[in-house]
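Student: Below is the file input.pdb, which contains PDB, C-alpha atoms.
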ATOM      1  CA  MET A 284     131.014 161.553 175.082
ATOM      2  CA  PRO A 285     129.754 162.368 178.622
ATOM      3  CA  VAL A 286     132.098 161.077 181.269
ATOM      4  CA  PHE A 287     129.767 158.626 183.010
ATOM      5  CA  ALA A 288     128.451 157.029 179.835
ATOM      6  CA  GLU A 289     131.214 154.430 179.733
ATOM      7  CA  ILE A 290     131.605 153.743 183.458
ATOM      8  CA  GLN A 291     130.554 150.460 185.028
ATOM      9  CA  ASN A 292     131.652 149.008 188.394
ATOM     10  CA  ALA A 293     132.765 152.467 189.446
ATOM     11  CA  ASN A 294     134.549 153.322 192.677
ATOM     12  CA  ALA A 295     133.560 156.581 194.365
ATOM     13  CA  LEU A 296     134.886 158.632 197.269
ATOM     14  CA  ILE A 297     132.773 161.225 199.074
ATOM     15  CA  VAL A 298     134.831 163.417 201.390
ATOM     16  CA  GLY A 299     132.797 164.985 204.183
ATOM     17  CA  ALA A 300     129.896 162.537 204.050
ATOM     18  CA  ASN A 301     128.660 162.743 207.628
ATOM     19  CA  GLY A 302     125.821 165.131 206.780
ATOM     20  CA  GLY A 303     124.270 167.588 204.363
ATOM     21  CA  ILE A 304     125.232 167.328 200.707
ATOM     22  CA  GLY A 305     127.929 164.715 201.327
ATOM     23  CA  LEU A 306     125.518 162.295 202.979
ATOM     24  CA  GLY A 307     123.037 162.995 200.193
ATOM     25  CA  PHE A 308     125.609 161.920 197.602
ATOM     26  CA  VAL A 309     126.258 158.665 199.468
ATOM     27  CA  GLN A 310     122.525 157.894 199.671
ATOM     28  CA  LYS A 311     122.058 158.630 195.960
ATOM     29  CA  LEU A 312     125.100 156.652 194.789
ATOM     30  CA  LEU A 313     124.018 153.615 196.822
ATOM     31  CA  GLN A 314     120.974 153.514 194.518
ATOM     32  CA  ASP A 315     123.145 153.547 191.370
ATOM     33  CA  ASP A 316     123.994 150.093 190.021
ATOM     34  CA  ARG A 317     126.998 151.494 188.136
ATOM     35  CA  VAL A 318     128.736 152.221 191.434
ATOM     36  CA  ALA A 319     130.369 149.146 192.927
ATOM     37  CA  LYS A 320     132.168 150.680 195.909
ATOM     38  CA  ILE A 321     131.712 153.901 197.839
ATOM     39  CA  TYR A 322     134.238 155.268 200.279
ATOM     40  CA  ALA A 323     132.917 157.982 202.582
ATOM     41  CA  THR A 324     134.760 160.076 205.146
ATOM     42  CA  TYR A 325     133.595 161.667 208.361
ATOM     43  CA  ARG A 326     135.386 163.738 211.011
ATOM     44  CA  GLN A 327     133.669 162.660 214.238
ATOM     45  CA  PRO A 328     131.681 159.417 214.784
ATOM     46  CA  LYS A 329     129.148 161.247 216.971
ATOM     47  CA  SER A 330     128.131 163.433 214.012
ATOM     48  CA  ALA A 331     128.037 160.544 211.535
ATOM     49  CA  ASN A 332     125.338 158.282 212.969
ATOM     50  CA  GLU A 333     123.262 158.197 209.793
ATOM     51  CA  LEU A 334     126.292 157.512 207.589
ATOM     52  CA  LEU A 335     127.610 154.745 209.835
ATOM     53  CA  ALA A 336     124.140 153.161 209.919
ATOM     54  CA  LEU A 337     124.232 152.980 206.105
ATOM     55  CA  GLU A 338     127.611 151.238 206.314
ATOM     56  CA  ARG A 339     126.157 148.625 208.672
ATOM     57  CA  GLU A 340     123.323 148.021 206.187
ATOM     58  CA  GLN A 341     125.586 147.702 203.122
ATOM     59  CA  PRO A 342     129.122 146.885 204.327
ATOM     60  CA  GLU A 343     130.054 145.292 201.003
ATOM     61  CA  ARG A 344     129.459 148.545 199.096
ATOM     62  CA  LEU A 345     130.064 151.328 201.622
ATOM     63  CA  VAL A 346     133.303 151.825 203.563
ATOM     64  CA  CYS A 347     133.433 154.714 206.040
ATOM     65  CA  LEU A 348     136.771 156.245 206.980
ATOM     66  CA  PRO A 349     137.602 158.847 209.647
ATOM     67  CA  LEU A 350     139.304 161.902 208.163
ATOM     68  CA  ASP A 351     140.138 165.405 209.342
ATOM     69  CA  ILE A 352     140.880 167.280 206.125
ATOM     70  CA  THR A 353     143.155 169.705 208.004
ATOM     71  CA  ASP A 354     145.591 166.865 208.806
ATOM     72  CA  GLU A 355     147.743 165.835 205.840
ATOM     73  CA  VAL A 356     148.899 162.667 207.609
ATOM     74  CA  GLN A 357     145.265 161.519 207.861
ATOM     75  CA  ILE A 358     144.689 162.329 204.180
ATOM     76  CA  ALA A 359     147.714 160.225 203.214
ATOM     77  CA  GLU A 360     146.560 157.361 205.449
ATOM     78  CA  CYS A 361     143.036 157.507 204.019
ATOM     79  CA  SER A 362     144.404 157.368 200.467
ATOM     80  CA  ASP A 363     146.633 154.413 201.400
ATOM     81  CA  ARG A 364     143.671 152.524 202.883
ATOM     82  CA  ILE A 365     141.652 153.001 199.714
ATOM     83  CA  ARG A 366     144.613 151.961 197.542
ATOM     84  CA  GLY A 367     144.891 148.829 199.665
ATOM     85  CA  GLN A 368     141.427 147.793 198.419
ATOM     86  CA  VAL A 369     141.059 149.251 194.914
ATOM     87  CA  ASP A 370     143.494 150.519 192.298
ATOM     88  CA  LYS A 371     141.336 153.275 190.829
ATOM     89  CA  LEU A 372     138.656 155.858 191.576
ATOM     90  CA  HIS A 373     136.103 157.102 189.053
ATOM     91  CA  LEU A 374     134.346 159.773 191.101
ATOM     92  CA  VAL A 375     135.653 161.874 193.979
ATOM     93  CA  ILE A 376     133.489 164.630 195.447
ATOM     94  CA  ASN A 377     134.943 166.811 198.174
ATOM     95  CA  CYS A 378     132.039 168.231 200.173
ATOM     96  CA  VAL A 379     134.002 169.594 203.130
ATOM     97  CA  GLY A 380     133.506 173.276 203.826
ATOM     98  CA  ILE A 381     133.033 175.737 206.661
ATOM     99  CA  LEU A 382     131.024 178.959 206.846
ATOM    100  CA  HIS A 383     130.406 179.288 210.574
ATOM    101  CA  GLU A 384     131.660 177.485 213.664
ATOM    102  CA  GLY A 385     131.288 178.791 217.203
ATOM    103  CA  ASP A 386     132.905 182.243 217.297
ATOM    104  CA  LEU A 387     133.823 181.977 213.614
ATOM    105  CA  GLN A 388     131.106 183.799 211.690
ATOM    106  CA  PRO A 389     131.044 185.534 208.268
ATOM    107  CA  GLU A 390     132.491 189.021 208.647
ATOM    108  CA  LYS A 391     130.222 191.973 207.892
ATOM    109  CA  SER A 392     133.037 194.532 207.963
ATOM    110  CA  LEU A 393     136.818 194.906 208.274
ATOM    111  CA  ARG A 394     136.387 195.446 212.024
ATOM    112  CA  GLN A 395     135.536 191.768 212.354
ATOM    113  CA  ILE A 396     138.590 190.422 210.527
ATOM    114  CA  ASN A 397     140.463 187.897 212.685
ATOM    115  CA  SER A 398     143.658 186.254 211.420
ATOM    116  CA  ASP A 399     143.000 182.934 213.211
ATOM    117  CA  HIS A 400     139.524 182.772 211.690
ATOM    118  CA  LEU A 401     140.925 183.537 208.231
ATOM    119  CA  MET A 402     143.448 180.719 208.621
ATOM    120  CA  ARG A 403     140.652 178.348 209.627
ATOM    121  CA  TYR A 404     138.643 179.254 206.523
ATOM    122  CA  PHE A 405     141.615 178.641 204.237
ATOM    123  CA  GLN A 406     142.681 175.452 205.987
ATOM    124  CA  ILE A 407     139.296 173.805 205.519
ATOM    125  CA  ASN A 408     137.891 175.431 202.374
ATOM    126  CA  SER A 409     141.058 175.675 200.275
ATOM    127  CA  ILE A 410     144.101 173.737 201.471
ATOM    128  CA  GLY A 411     142.309 170.467 202.229
ATOM    129  CA  ALA A 412     141.168 170.097 198.622
ATOM    130  CA  VAL A 413     144.623 170.489 197.114
ATOM    131  CA  LEU A 414     146.051 168.005 199.635
ATOM    132  CA  LEU A 415     143.396 165.531 198.478
ATOM    133  CA  ALA A 416     144.525 166.143 194.894
ATOM    134  CA  LYS A 417     148.118 165.459 195.964
ATOM    135  CA  HIS A 418     147.500 162.168 197.756
ATOM    136  CA  LEU A 419     144.688 160.740 195.613
ATOM    137  CA  SER A 420     146.500 161.286 192.300
ATOM    138  CA  PRO A 421     147.681 157.629 191.973
ATOM    139  CA  LEU A 422     144.030 156.517 192.055
ATOM    140  CA  PHE A 423     143.229 158.737 189.064
ATOM    141  CA  ALA A 424     146.092 157.471 186.890
ATOM    142  CA  HIS A 425     144.109 154.927 184.882
ATOM    143  CA  SER A 426     142.675 154.652 181.407
ATOM    144  CA  GLU A 427     138.989 155.158 182.269
ATOM    145  CA  ARG A 428     137.450 158.619 182.521
ATOM    146  CA  ASN A 429     136.993 159.965 186.018
ATOM    147  CA  VAL A 430     135.882 163.111 187.826
ATOM    148  CA  PHE A 431     137.401 164.974 190.764
ATOM    149  CA  ALA A 432     134.839 167.540 191.919
ATOM    150  CA  THR A 433     134.959 169.951 194.833
ATOM    151  CA  ILE A 434     132.016 171.886 196.225
ATOM    152  CA  SER A 435     132.803 175.584 195.910
ATOM    153  CA  ALA A 436     130.432 178.564 196.037
ATOM    154  CA  LYS A 437     129.344 181.340 193.703
ATOM    155  CA  ILE A 438     130.231 183.742 196.480
ATOM    156  CA  GLY A 439     133.863 182.813 195.782
ATOM    157  CA  SER A 440     133.612 184.323 192.307
ATOM    158  CA  ILE A 441     135.638 187.549 192.212
ATOM    159  CA  GLY A 442     133.823 188.695 189.076
ATOM    160  CA  ASP A 443     130.430 188.171 190.698
ATOM    161  CA  ASN A 444     131.211 189.960 193.975
ATOM    162  CA  GLN A 445     128.902 192.987 194.164
ATOM    163  CA  LEU A 446     127.970 192.971 197.852
ATOM    164  CA  GLY A 447     131.276 192.622 199.731
ATOM    165  CA  GLY A 448     131.474 191.192 203.239
ATOM    166  CA  TRP A 449     132.118 187.579 204.167
ATOM    167  CA  TYR A 450     135.850 188.131 203.623
ATOM    168  CA  GLY A 451     137.173 184.782 204.814
ATOM    169  CA  TYR A 452     134.572 182.598 203.157
ATOM    170  CA  ARG A 453     134.743 184.486 199.847
ATOM    171  CA  ALA A 454     138.549 184.516 199.768
ATOM    172  CA  SER A 455     138.927 180.854 200.757
ATOM    173  CA  LYS A 456     136.503 179.753 198.043
ATOM    174  CA  ALA A 457     138.279 181.954 195.481
ATOM    175  CA  ALA A 458     141.552 180.322 196.551
ATOM    176  CA  LEU A 459     139.923 176.891 196.223
ATOM    177  CA  ASN A 460     138.896 177.716 192.649
ATOM    178  CA  MET A 461     142.441 178.778 191.750
ATOM    179  CA  LEU A 462     144.007 175.731 193.384
ATOM    180  CA  MET A 463     141.698 173.328 191.573
ATOM    181  CA  ARG A 464     142.160 175.135 188.256
ATOM    182  CA  THR A 465     145.914 174.640 188.740
ATOM    183  CA  VAL A 466     145.418 170.982 189.690
ATOM    184  CA  ALA A 467     143.438 170.504 186.466
ATOM    185  CA  ILE A 468     146.384 171.791 184.423
ATOM    186  CA  GLU A 469     148.851 169.431 186.114
ATOM    187  CA  TYR A 470     146.441 166.475 185.979
ATOM    188  CA  LYS A 471     146.004 167.063 182.233
ATOM    189  CA  ARG A 472     149.654 166.068 181.873
ATOM    190  CA  LYS A 473     149.859 163.357 184.525
ATOM    191  CA  SER A 474     146.313 161.986 184.594
ATOM    192  CA  PRO A 475     144.709 162.985 181.272
ATOM    193  CA  ASN A 476     141.475 161.067 181.861
ATOM    194  CA  THR A 477     140.613 163.059 184.991
ATOM    195  CA  ILE A 478     138.155 165.970 184.787
ATOM    196  CA  VAL A 479     138.699 168.405 187.655
ATOM    197  CA  VAL A 480     135.857 170.839 188.428
ATOM    198  CA  THR A 481     134.534 173.091 191.153
ATOM    199  CA  LEU A 482     130.764 173.187 191.666
ATOM    200  CA  HIS A 483     128.357 175.758 193.089
ATOM    201  CA  PRO A 484     125.440 173.843 194.645
ATOM    202  CA  GLY A 485     123.080 176.772 195.152
ATOM    203  CA  THR A 486     121.662 177.519 198.587
ATOM    204  CA  THR A 487     120.875 174.133 200.093
ATOM    205  CA  ASP A 488     118.857 173.456 203.221
ATOM    206  CA  THR A 489     121.737 172.263 205.424
ATOM    207  CA  ARG A 490     123.306 173.209 208.742
ATOM    208  CA  LEU A 491     125.849 175.352 206.877
ATOM    209  CA  SER A 492     123.197 177.637 205.384
ATOM    210  CA  LYS A 493     120.618 177.453 208.205
ATOM    211  CA  PRO A 494     121.461 180.806 209.896
ATOM    212  CA  PHE A 495     121.383 182.614 206.546
ATOM    213  CA  GLN A 496     118.202 181.269 204.962
ATOM    214  CA  ARG A 497     115.905 184.105 206.070
ATOM    215  CA  ASN A 498     116.500 186.201 202.954
ATOM    216  CA  VAL A 499     116.417 183.264 200.511
ATOM    217  CA  SER A 500     113.204 182.883 198.530
ATOM    218  CA  PRO A 501     111.653 179.410 198.839
ATOM    219  CA  GLU A 502     112.217 178.537 195.179
ATOM    220  CA  LYS A 503     115.943 179.247 195.582
ATOM    221  CA  LEU A 504     116.389 177.125 198.718
ATOM    222  CA  PHE A 505     117.080 173.601 197.520
ATOM    223  CA  SER A 506     116.562 170.362 199.398
ATOM    224  CA  VAL A 507     119.647 168.171 199.730
ATOM    225  CA  GLU A 508     118.042 165.643 197.386
ATOM    226  CA  ARG A 509     117.480 168.272 194.707
ATOM    227  CA  THR A 510     121.010 169.661 195.024
ATOM    228  CA  VAL A 511     122.558 166.190 194.753
ATOM    229  CA  ALA A 512     120.462 165.327 191.699
ATOM    230  CA  GLN A 513     121.355 168.629 190.009
ATOM    231  CA  LEU A 514     125.084 168.330 190.669
ATOM    232  CA  LEU A 515     125.180 164.706 189.542
ATOM    233  CA  ALA A 516     123.447 165.767 186.333
ATOM    234  CA  VAL A 517     126.184 168.362 185.770
ATOM    235  CA  MET A 518     128.876 165.751 186.394
ATOM    236  CA  GLU A 519     127.151 163.185 184.178
ATOM    237  CA  ASN A 520     127.534 165.547 181.214
ATOM    238  CA  LEU A 521     131.130 166.661 181.733
ATOM    239  CA  GLU A 522     133.584 166.234 178.902
ATOM    240  CA  PRO A 523     137.396 166.387 178.979
ATOM    241  CA  LYS A 524     137.383 169.996 177.742
ATOM    242  CA  ASP A 525     135.484 170.974 180.895
ATOM    243  CA  SER A 526     138.384 170.182 183.216
ATOM    244  CA  GLY A 527     139.440 173.205 185.240
ATOM    245  CA  GLU A 528     136.050 174.929 184.967
ATOM    246  CA  PHE A 529     133.694 176.333 187.618
ATOM    247  CA  PHE A 530     130.071 175.216 187.167
ATOM    248  CA  SER A 531     126.809 176.222 188.777
ATOM    249  CA  TRP A 532     124.133 173.715 189.762
ATOM    250  CA  ASP A 533     122.305 174.284 186.456
ATOM    251  CA  GLY A 534     125.374 173.477 184.340
ATOM    252  CA  SER A 535     126.227 177.090 183.475
ATOM    253  CA  ARG A 536     129.821 178.269 183.779
ATOM    254  CA  LEU A 537     130.545 180.815 186.488
ATOM    255  CA  PRO A 538     133.004 183.727 186.185
ATOM    256  CA  TRP A 539     136.209 183.506 188.177
TER     257      TRP A 539
END
Could you render the structure from this file as structure tokens?
Tutor:
Amino acid sequence: MPVFAEIQNANALIVGANGGIGLGFVQKLLQDDRVAKIYATYRQPKSANELLALEREQPERLVCLPLDITDEVQIAECSDRIRGQVDKLHLVINCVGILHEGDLQPEKSLRQINSDHLMRYFQINSIGAVLLAKHLSPLFAHSERNVFATISAKIGSIGDNQLGGWYGYRASKAALNMLMRTVAIEYKRKSPNTIVVTLHPGTTDTRLSKPFQRNVSPEKLFSVERTVAQLLAVMENLEPKDSGEFFSWDGSRLPW
């Protein structure tokens, strides 16, 4: 049976909801009567105006929480705040990711490798997700089916890598896939009703992809609304046997 078929009065958490795909998930879930409560995190208030405006409109359903995913103390505090209000989560989607930031840009060759930049990629794209899995685990330990999804990228597939380049982003997403695959194995023992997946959203028209859209054909550049709808459709149809898998936006499985 698909995972969402039996869920009513669901509690959701969207990590990295201040813009792009994360904000799109919040907007979509607010329209879903099956979702009773949505928790949404943001890093800086100044970049979360639209999200915080939604909270003011629907304070009974949407709770916004500040969170820097590179700070484990903040992750623990965020989890504790949620546990102070609800005893379970049914849907967690981690949308936090970095591709470029100031001087940090995808590397075109080995000459551009910078150890500090590599650490930044791993800290945000890989380590943050497994720390979420660590601290949110008590909220998954219930008898109803639930999903813990993290936005990954096809470019993190080792088997699919034919072009090279983008060392830090590729490697950090590959590490994310391995970490979440390992989480899925442990959760199967400790939290057997949780389905853990990584998701490739396709190229989406967001700030993250903006500098790299020139070579993307229009039919392969998705709006945020389309990406959110496609990924929710994938999650709607997940079954327990899918835990630990890496899915594309169309529901196909991607090679590791």
Student: Just the residues within 7 Å of range 356-371 of chain A, please, counting only C-alpha atoms, with nothing from its chain fewer than 5 positions along; format it as a ChimeraX atom specification.
Tutor: /A:350-351,415,418-419,422-423,425
Student: Since we have the selection now, will you write its residues out, keeping C-alpha atoms, as a tab-separated table (two decimals), in the frame of the given file?
Tutor:
chain	number	residue	atom	x	y	z
A	350	LEU	CA	139.30	161.90	208.16
A	351	ASP	CA	140.14	165.40	209.34
A	415	LEU	CA	143.40	165.53	198.48
A	418	HIS	CA	147.50	162.17	197.76
A	419	LEU	CA	144.69	160.74	195.61
A	422	LEU	CA	144.03	156.52	192.06
A	423	PHE	CA	143.23	158.74	189.06
A	425	HIS	CA	144.11	154.93	184.88
Student: Go ahead and compute the interatomic distance for CA of Thr433 in chain A and CA of Gly380 in chain A, in Å to one decimal.
Tutor: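 Straight-line distance from CA of Thr433 in chain A to CA of Gly380 in chain A works out to 9.7 Å.
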Student: Which residues come within 10 Å of range 508-511 of chain A, counting all atoms listed in the file, excluding same-chain residues fewer than 4 positions away, as a compact mmCIF listing (two decimals) with C-alpha atoms, in the frame of the given file?
Tutor:
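Saved to around.txt:
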# COMPACT_ATOMS: atom_id res chain seq x y z
CA GLY A 303 124.27 167.59 204.36
CA ILE A 304 125.23 167.33 200.71
CA GLY A 305 127.93 164.72 201.33
CA LEU A 306 125.52 162.29 202.98
CA GLY A 307 123.04 163.00 200.19
CA PHE A 308 125.61 161.92 197.60
CA VAL A 309 126.26 158.66 199.47
CA GLN A 310 122.52 157.89 199.67
CA LYS A 311 122.06 158.63 195.96
CA LEU A 312 125.10 156.65 194.79
CA HIS A 483 128.36 175.76 193.09
CA PRO A 484 125.44 173.84 194.64
CA GLY A 485 123.08 176.77 195.15
CA THR A 486 121.66 177.52 198.59
CA THR A 487 120.88 174.13 200.09
CA ASP A 488 118.86 173.46 203.22
CA LEU A 504 116.39 177.12 198.72
CA LEU A 515 125.18 164.71 189.54
CA ALA A 516 123.45 165.77 186.33
CA VAL A 517 126.18 168.36 185.77
CA TRP A 532 124.13 173.72 189.76
CA ASP A 533 122.30 174.28 186.46
Student: Just how far from CA of Ile290 in chain A is CA of Leu372 in chain A, in Å to one decimal?
Tutor: 11.0 Å
Student: If the PyMOL selection byres ((chain A and resi 375) around 7) were run on this exact file, what residues would it hold? Put them as a PDB file with C-alpha atoms, keeping the file's coordinate frame.
Tutor:
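Contents of expr.pdb, freshly written:
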ATOM      1  CA  ALA A 295     133.560 156.581 194.365  1.00  0.00           C
ATOM      2  CA  LEU A 296     134.886 158.632 197.269  1.00  0.00           C
ATOM      3  CA  ILE A 297     132.773 161.225 199.074  1.00  0.00           C
ATOM      4  CA  HIS A 373     136.103 157.102 189.053  1.00  0.00           C
ATOM      5  CA  LEU A 374     134.346 159.773 191.101  1.00  0.00           C
ATOM      6  CA  ILE A 376     133.489 164.630 195.447  1.00  0.00           C
ATOM      7  CA  ASN A 377     134.943 166.811 198.174  1.00  0.00           C
ATOM      8  CA  VAL A 430     135.882 163.111 187.826  1.00  0.00           C
ATOM      9  CA  PHE A 431     137.401 164.974 190.764  1.00  0.00           C
ATOM     10  CA  ALA A 432     134.839 167.540 191.919  1.00  0.00           C
TER      11      ALA A 432
END
Student: Rounded to one decimal place, report the CA of Asn292 in chain A-CA of Leu462 in chain A distance in Å.
Tutor: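 If I compute the distance from CA of Asn292 in chain A to CA of Leu462 in chain A, I get 29.9 Å.
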Student: Using the chain letters and residue numbers of this document, give as a list in words the residues selected by the PyMOL selection byres ((chain A and resi 457) around 9).
Tutor: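 Output of the PyMOL selection byres ((chain A and resi 457) around 9): Ser409, Ser435, Ala436, Ile438, Gly439, Ser440, Ile441, Tyr452, Arg453, Ala454, Ser455, Lys456, Ala458, Leu459, Asn460, Met461, Leu462 and Trp539 of chain A.
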Student: Between A:Asn301, A:Gln291, A:Gln445, A:Thr353, which one has atoms that come closest to Leu337 in chain A, using all atoms listed in the file?
Tutor: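 Distance minimum relative to Leu337 in chain A lands on A:Asn301.
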Student: Counting all atoms listed in the file, figure out which residue out of A:Glu519, A:Glu343, A:Glu427, A:Asp386 gets nearest to Ala293 in chain A.
Tutor: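 Nearest to Ala293 in chain A: A:Glu427.
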Student: Between A:Glu390, A:Glu528, A:Asp354, A:Glu522, single out the one closest to Ile410 in chain A, counting only C-alpha atoms.
Tutor: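 Of the candidates, the smallest distance to Ile410 in chain A is held by A:Asp354.
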Student: Could you list, as a VMD selection string, every residue within 7 Å of Asn476 in chain A, counting only C-alpha atoms and ignoring same-chain residues fewer than 6 positions away?
Tutor: chain A and resid 426 to 429
Student: Create the file for the chosen residues now, containing C-alpha atoms and written as a tab-separated table (two decimals), keeping the file's coordinate frame.
Tutor:
chain	number	residue	atom	x	y	z
A	426	SER	CA	142.68	154.65	181.41
A	427	GLU	CA	138.99	155.16	182.27
A	428	ARG	CA	137.45	158.62	182.52
A	429	ASN	CA	136.99	159.96	186.02
Student: Enumerate, as an mmCIF file with C-alpha atoms, keeping the file's coordinate frame, the residues matched when the PyMOL selection byres ((chain A and resi 404) around 7) is run on the file above.
Tutor:
data_model
loop_
_atom_site.group_PDB
_atom_site.id
_atom_site.type_symbol
_atom_site.label_atom_id
_atom_site.label_comp_id
_atom_site.auth_asym_id
_atom_site.auth_seq_id
_atom_site.Cartn_x
_atom_site.Cartn_y
_atom_site.Cartn_z
ATOM 1 C CA ILE A 381 133.033 175.737 206.661
ATOM 2 C CA HIS A 400 139.524 182.772 211.690
ATOM 3 C CA LEU A 401 140.925 183.537 208.231
ATOM 4 C CA MET A 402 143.448 180.719 208.621
ATOM 5 C CA ARG A 403 140.652 178.348 209.627
ATOM 6 C CA PHE A 405 141.615 178.641 204.237
ATOM 7 C CA GLN A 406 142.681 175.452 205.987
ATOM 8 C CA ILE A 407 139.296 173.805 205.519
ATOM 9 C CA ASN A 408 137.891 175.431 202.374
ATOM 10 C CA GLY A 451 137.173 184.782 204.814
ATOM 11 C CA TYR A 452 134.572 182.598 203.157
ATOM 12 C CA SER A 455 138.927 180.854 200.757
#
Student: Scan for residues within 12 Å of the point (127.7, 175.9, 177.6) in the coordinates of the file, using only C-alpha atoms, and reply as a PyMOL selection string.
Tutor: chain A and resi 517+520-522+524-525+528-531+533-537
Student: Here is a test: counting only C-alpha atoms, which residue of A:Pro538, A:Arg326, A:Ala467, A:Glu340 is nearest to Asp443 in chain A?
Tutor: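 Among the listed residues, A:Pro538 lies closest to Asp443 in chain A.
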Student: Which one is closest to Lys471 in chain A: A:Gln388, A:Ser420, A:Gln341, A:Asn294? Count all atoms listed in the file.
Tutor: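 Closest residue, counting all atoms listed in the file: A:Ser420.
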Student: List the neighbours of Val298 in chain A out to 6 Å using all atoms listed in the file; skip same-chain residues closer than 6 positions along the sequence, and give me the result as a PDB file with C-alpha atoms, in the coordinates of the input.
Tutor:
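Result written to result-v8.pdb:
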ATOM      1  CA  ALA A 323     132.917 157.982 202.582  1.00  0.00           C
ATOM      2  CA  THR A 324     134.760 160.076 205.146  1.00  0.00           C
ATOM      3  CA  ASN A 377     134.943 166.811 198.174  1.00  0.00           C
ATOM      4  CA  CYS A 378     132.039 168.231 200.173  1.00  0.00           C
TER       5      CYS A 378
END
Student: Some atoms are missing, so please complete range 411-424 of chain A with N, CA, C and O atoms and return it as a short mmCIF file (atom, residue, chain, number, x, y, z; two decimals), in the coordinates of the input.
Tutor:
data_model
loop_
_atom_site.label_atom_id
_atom_site.label_comp_id
_atom_site.auth_asym_id
_atom_site.auth_seq_id
_atom_site.Cartn_x
_atom_site.Cartn_y
_atom_site.Cartn_z
N GLY A 411 142.69 171.88 202.17
CA GLY A 411 142.31 170.47 202.23
C GLY A 411 142.09 169.86 200.86
O GLY A 411 142.49 168.72 200.59
N ALA A 412 141.48 170.62 199.95
CA ALA A 412 141.17 170.10 198.62
C ALA A 412 142.43 169.81 197.82
O ALA A 412 142.52 168.79 197.13
N VAL A 413 143.41 170.71 197.91
CA VAL A 413 144.62 170.49 197.11
C VAL A 413 145.47 169.36 197.72
O VAL A 413 146.18 168.65 196.99
N LEU A 414 145.38 169.16 199.02
CA LEU A 414 146.05 168.00 199.64
C LEU A 414 145.39 166.70 199.19
O LEU A 414 146.07 165.68 198.99
N LEU A 415 144.07 166.71 199.04
CA LEU A 415 143.40 165.53 198.48
C LEU A 415 143.91 165.24 197.07
O LEU A 415 144.19 164.09 196.71
N ALA A 416 144.03 166.30 196.26
CA ALA A 416 144.52 166.14 194.89
C ALA A 416 145.93 165.55 194.89
O ALA A 416 146.28 164.73 194.04
N LYS A 417 146.74 165.96 195.84
CA LYS A 417 148.12 165.46 195.96
C LYS A 417 148.14 163.96 196.28
O LYS A 417 148.83 163.19 195.60
N HIS A 418 147.38 163.55 197.27
CA HIS A 418 147.50 162.17 197.76
C HIS A 418 146.62 161.17 197.01
O HIS A 418 146.91 159.97 197.01
N LEU A 419 145.56 161.65 196.35
CA LEU A 419 144.69 160.74 195.61
C LEU A 419 145.14 160.56 194.16
O LEU A 419 144.59 159.71 193.46
N SER A 420 146.12 161.32 193.72
CA SER A 420 146.50 161.29 192.30
C SER A 420 146.80 159.89 191.76
O SER A 420 146.44 159.59 190.62
N PRO A 421 147.44 158.97 192.53
CA PRO A 421 147.68 157.63 191.97
C PRO A 421 146.39 156.88 191.62
O PRO A 421 146.39 156.03 190.72
N LEU A 422 145.31 157.21 192.31
CA LEU A 422 144.03 156.52 192.06
C LEU A 422 143.30 157.06 190.83
O LEU A 422 142.31 156.49 190.38
N PHE A 423 143.80 158.18 190.29
CA PHE A 423 143.23 158.74 189.06
C PHE A 423 144.03 158.33 187.83
O PHE A 423 143.59 158.57 186.70
N ALA A 424 145.19 157.75 188.02
CA ALA A 424 146.09 157.47 186.89
C ALA A 424 145.72 156.15 186.22
O ALA A 424 146.47 155.18 186.25
#
